[in-house]
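So this one's my_file04.pdb, PDB, C-alpha atoms:
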```
ATOM      1  CA  MET T   1     102.316 119.507  98.203  1.00  0.00           C
ATOM      2  CA  THR T   2     105.812 120.857  98.778  1.00  0.00           C
ATOM      3  CA  PRO T   3     108.928 118.831  97.953  1.00  0.00           C
ATOM      4  CA  GLU T   4     109.430 118.279 101.704  1.00  0.00           C
ATOM      5  CA  GLN T   5     105.880 116.959 102.066  1.00  0.00           C
ATOM      6  CA  GLY T   6     106.553 114.691  99.084  1.00  0.00           C
ATOM      7  CA  LYS T   7     109.742 113.505 100.779  1.00  0.00           C
ATOM      8  CA  ASP T   8     107.685 112.666 103.881  1.00  0.00           C
ATOM      9  CA  ALA T   9     105.222 110.757 101.662  1.00  0.00           C
ATOM     10  CA  ALA T  10     108.093 108.734 100.165  1.00  0.00           C
ATOM     11  CA  ARG T  11     109.296 107.922 103.681  1.00  0.00           C
ATOM     12  CA  GLN T  12     105.784 106.732 104.581  1.00  0.00           C
ATOM     13  CA  VAL T  13     105.835 104.430 101.551  1.00  0.00           C
ATOM     14  CA  GLY T  14     109.153 103.091 102.848  1.00  0.00           C
ATOM     15  CA  LEU T  15     107.671 102.409 106.275  1.00  0.00           C
ATOM     16  CA  ALA T  16     104.786 100.513 104.655  1.00  0.00           C
ATOM     17  CA  VAL T  17     107.213  98.440 102.578  1.00  0.00           C
ATOM     18  CA  LEU T  18     109.306  97.662 105.658  1.00  0.00           C
ATOM     19  CA  ALA T  19     106.180  96.498 107.478  1.00  0.00           C
ATOM     20  CA  THR T  20     105.283  94.255 104.547  1.00  0.00           C
ATOM     21  CA  LEU T  21     108.809  92.834 104.406  1.00  0.00           C
ATOM     22  CA  LYS T  22     108.804  92.124 108.137  1.00  0.00           C
ATOM     23  CA  ASN T  23     105.388  90.484 107.930  1.00  0.00           C
ATOM     24  CA  SER T  24     106.407  88.346 104.935  1.00  0.00           C
ATOM     25  CA  LEU T  25     109.890  87.381 106.110  1.00  0.00           C
ATOM     26  CA  GLY T  26     109.348  87.322 109.856  1.00  0.00           C
ATOM     27  CA  SER T  27     112.299  89.669 110.402  1.00  0.00           C
ATOM     28  CA  LEU T  28     114.022  92.513 108.603  1.00  0.00           C
ATOM     29  CA  ASN T  29     117.281  90.746 109.455  1.00  0.00           C
ATOM     30  CA  LYS T  30     116.576  88.457 106.494  1.00  0.00           C
ATOM     31  CA  VAL T  31     117.030  91.361 104.079  1.00  0.00           C
ATOM     32  CA  LYS T  32     120.562  91.199 102.686  1.00  0.00           C
ATOM     33  CA  ARG T  33     120.368  94.408 100.680  1.00  0.00           C
ATOM     34  CA  LEU T  34     118.277  96.798  98.652  1.00  0.00           C
ATOM     35  CA  VAL T  35     119.129  96.140  95.015  1.00  0.00           C
ATOM     36  CA  LYS T  36     117.069  98.688  93.065  1.00  0.00           C
ATOM     37  CA  THR T  37     114.329 101.247  93.551  1.00  0.00           C
ATOM     38  CA  LEU T  38     112.059 102.839  90.977  1.00  0.00           C
ATOM     39  CA  GLY T  39     110.043 105.736  92.343  1.00  0.00           C
ATOM     40  CA  TRP T  40     107.192 107.542  90.625  1.00  0.00           C
ATOM     41  CA  VAL T  41     106.345 111.007  91.898  1.00  0.00           C
ATOM     42  CA  ASN T  42     102.878 112.409  91.178  1.00  0.00           C
ATOM     43  CA  CYS T  43     103.630 115.897  89.903  1.00  0.00           C
ATOM     44  CA  THR T  44     103.044 118.550  87.280  1.00  0.00           C
ATOM     45  CA  ALA T  45     105.041 118.730  84.063  1.00  0.00           C
ATOM     46  CA  ASP T  46     107.196 121.603  85.347  1.00  0.00           C
ATOM     47  CA  PHE T  47     108.248 119.870  88.594  1.00  0.00           C
ATOM     48  CA  THR T  48     111.855 118.645  88.414  1.00  0.00           C
ATOM     49  CA  ASN T  49     112.700 117.683  92.008  1.00  0.00           C
ATOM     50  CA  GLN T  50     111.674 114.018  91.859  1.00  0.00           C
ATOM     51  CA  PRO T  51     115.056 112.941  93.300  1.00  0.00           C
ATOM     52  CA  ILE T  52     114.533 115.191  96.339  1.00  0.00           C
ATOM     53  CA  VAL T  53     111.137 113.586  96.960  1.00  0.00           C
ATOM     54  CA  MET T  54     112.579 110.066  96.615  1.00  0.00           C
ATOM     55  CA  ASN T  55     115.275 110.912  99.156  1.00  0.00           C
ATOM     56  CA  GLY T  56     112.599 110.246 101.801  1.00  0.00           C
ATOM     57  CA  TRP T  57     112.635 106.572 100.753  1.00  0.00           C
ATOM     58  CA  SER T  58     116.379 106.338 100.218  1.00  0.00           C
ATOM     59  CA  GLU T  59     117.377 107.938 103.508  1.00  0.00           C
ATOM     60  CA  LEU T  60     115.057 105.578 105.403  1.00  0.00           C
ATOM     61  CA  MET T  61     116.468 102.490 103.664  1.00  0.00           C
ATOM     62  CA  LYS T  62     120.016 103.658 104.441  1.00  0.00           C
ATOM     63  CA  ASP T  63     119.078 104.260 108.080  1.00  0.00           C
ATOM     64  CA  VAL T  64     117.516 100.798 108.426  1.00  0.00           C
ATOM     65  CA  PHE T  65     119.926  98.636 106.408  1.00  0.00           C
ATOM     66  CA  GLY T  66     123.120 100.716 106.510  1.00  0.00           C
ATOM     67  CA  GLU T  67     125.254 102.446 103.914  1.00  0.00           C
ATOM     68  CA  ASP T  68     126.445  99.206 102.293  1.00  0.00           C
ATOM     69  CA  ASN T  69     123.126  97.350 102.167  1.00  0.00           C
ATOM     70  CA  GLY T  70     120.509 100.100 102.141  1.00  0.00           C
ATOM     71  CA  VAL T  71     121.693 102.050  99.128  1.00  0.00           C
ATOM     72  CA  GLY T  72     120.982 100.469  95.762  1.00  0.00           C
ATOM     73  CA  ALA T  73     120.458 101.684  92.230  1.00  0.00           C
ATOM     74  CA  ARG T  74     117.651 104.240  92.042  1.00  0.00           C
ATOM     75  CA  SER T  75     115.490 105.974  89.484  1.00  0.00           C
ATOM     76  CA  ALA T  76     113.047 108.783  90.242  1.00  0.00           C
ATOM     77  CA  VAL T  77     110.555 109.722  87.544  1.00  0.00           C
ATOM     78  CA  SER T  78     107.452 111.848  87.221  1.00  0.00           C
ATOM     79  CA  ALA T  79     103.897 110.684  86.718  1.00  0.00           C
ATOM     80  CA  HIS T  80     101.045 113.000  85.830  1.00  0.00           C
ATOM     81  CA  THR T  81      98.721 110.826  87.918  1.00  0.00           C
ATOM     82  CA  LEU T  82      98.993 107.849  90.274  1.00  0.00           C
ATOM     83  CA  PRO T  83      96.273 105.505  91.564  1.00  0.00           C
ATOM     84  CA  GLY T  84      94.008 107.105  94.128  1.00  0.00           C
ATOM     85  CA  GLY T  85      95.873 110.398  93.789  1.00  0.00           C
ATOM     86  CA  ILE T  86      98.765 109.094  95.912  1.00  0.00           C
ATOM     87  CA  ALA T  87     101.900 111.238  95.965  1.00  0.00           C
ATOM     88  CA  VAL T  88     104.535 108.517  95.527  1.00  0.00           C
ATOM     89  CA  GLU T  89     104.624 104.940  94.286  1.00  0.00           C
ATOM     90  CA  VAL T  90     107.697 102.753  94.718  1.00  0.00           C
ATOM     91  CA  GLU T  91     108.849  99.501  93.175  1.00  0.00           C
ATOM     92  CA  ALA T  92     111.816  97.940  94.940  1.00  0.00           C
ATOM     93  CA  ILE T  93     113.916  94.825  94.600  1.00  0.00           C
ATOM     94  CA  PHE T  94     115.483  93.399  97.746  1.00  0.00           C
ATOM     95  CA  GLU T  95     117.896  90.507  98.071  1.00  0.00           C
ATOM     96  CA  VAL T  96     116.761  88.292 100.948  1.00  0.00           C
ATOM     97  CA  GLU T  97     118.034  85.166 102.687  1.00  0.00           C
ATOM     98  CA  ALA T  98     116.533  81.909 101.491  1.00  0.00           C
TER      99      ALA T  98
END
```

Target encoding structure tokens, full file:
Amino acid sequence: MTPEQGKDAARQVGLAVLATLKNSLGSLNKVKRLVKTLGWVNCTADFTNQPIVMNGWSELMKDVFGEDNGVGARSAVSAHTLPGGIAVEVEAIFEVEA
């Protein structure tokens, strides 16, 4: 997989998370902000472009929630394997309305 394909995979993870948020909250309007993201990128030991891959997630969150609310703290790390051979796994913390 190229870094651009990985970036697309991270965006797809973001779309799945947005769908889950909408289903759970009833509306994405209840999301106040993205607080923090931790992204694991399935890659070889010599791959060092994890941040480029995770930009697929980050750019989507910024597009959906805006510059002020869609950009939180972020870490992008490598994993030598992920469940089911997936390319990207993301853990995110959102602040939502009560």

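Shortest separation to Pro51 of chain T among T:Gly85, T:Val64, T:Ala76, T:Ala92 occurs at residue T:Ala76, atoms counted being only C-alpha atoms.
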
* Return the single residue from T:Met54, T:Ala73, T:Leu18, T:Ala9 that is closest to Trp40 of chain T, with distances computed using all atoms listed in the file. => T:Met54

* Asked: T:Leu34, T:Asn42, T:Met1, T:Ala19: which is nearest Thr81 of chain T, counting only C-alpha atoms?
  -> T:Asn42

* Asked: Near Thr37 of chain T, counting all atoms listed in the file, which residues have an atom at most 7 Å away, once you skip same-chain residues fewer than 5 positions from it, shown as an NGL selection string?
  -> :T and (73-75 or 90-93)

Okay, now the selection with C-alpha atoms, as an mmCIF file, keeping the file's coordinate frame?
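Heads up, here's the output in result_14.cif:
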```cif
data_model
loop_
_atom_site.group_PDB
_atom_site.id
_atom_site.type_symbol
_atom_site.label_atom_id
_atom_site.label_comp_id
_atom_site.auth_asym_id
_atom_site.auth_seq_id
_atom_site.Cartn_x
_atom_site.Cartn_y
_atom_site.Cartn_z
ATOM 1 C CA ALA T 73 120.458 101.684 92.230
ATOM 2 C CA ARG T 74 117.651 104.240 92.042
ATOM 3 C CA SER T 75 115.490 105.974 89.484
ATOM 4 C CA VAL T 90 107.697 102.753 94.718
ATOM 5 C CA GLU T 91 108.849 99.501 93.175
ATOM 6 C CA ALA T 92 111.816 97.940 94.940
ATOM 7 C CA ILE T 93 113.916 94.825 94.600
#
```

* Decode the PyMOL selection byres ((chain T and resi 5) around 12) for the given file into explicit residues and return them as JSON, numbers by chain. => {"T": [1, 2, 3, 4, 6, 7, 8, 9, 10, 11, 12, 41, 52, 53, 54, 55, 56, 87, 88]}

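Shortest atom-to-atom contact with Leu38 of chain T among T:Trp57, T:Lys62, T:Gly70, T:Ile86: T:Trp57, counting only C-alpha atoms.
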
* To do: Find the residues near Ala45 of chain T: any atom within 9 Å, counting only C-alpha atoms, skip ones fewer than 4 places away on the same chain, and give them as a ChimeraX atom specification.
  => /T:78-80

Could you write those residues out with C-alpha atoms, as an mmCIF file, keeping the file's coordinate frame?
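Contents of part.cif, as written:
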```cif
data_model
loop_
_atom_site.group_PDB
_atom_site.id
_atom_site.type_symbol
_atom_site.label_atom_id
_atom_site.label_comp_id
_atom_site.auth_asym_id
_atom_site.auth_seq_id
_atom_site.Cartn_x
_atom_site.Cartn_y
_atom_site.Cartn_z
ATOM 1 C CA SER T 78 107.452 111.848 87.221
ATOM 2 C CA ALA T 79 103.897 110.684 86.718
ATOM 3 C CA HIS T 80 101.045 113.000 85.830
#
```

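Note that atom CA of Val71 of chain T and atom CA of Ala98 of chain T are 20.9 Å apart.
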
* Asked: What does the distance from atom CA of Thr20 of chain T to atom CA of Cys43 of chain T come to in Å, to one decimal?
  -> 26.2 Å

* Structure fact -> Students should find that atom CA of Gly39 of chain T and atom CA of Val77 of chain T are spaced 6.3 Å

* Taking (115.9, 84.5, 102.6) in the file's own coordinates, collect the residues within 10 Å, counting only C-alpha atoms, and hand them back as a PyMOL selection string. => chain T and resi 25+29-32+95-98
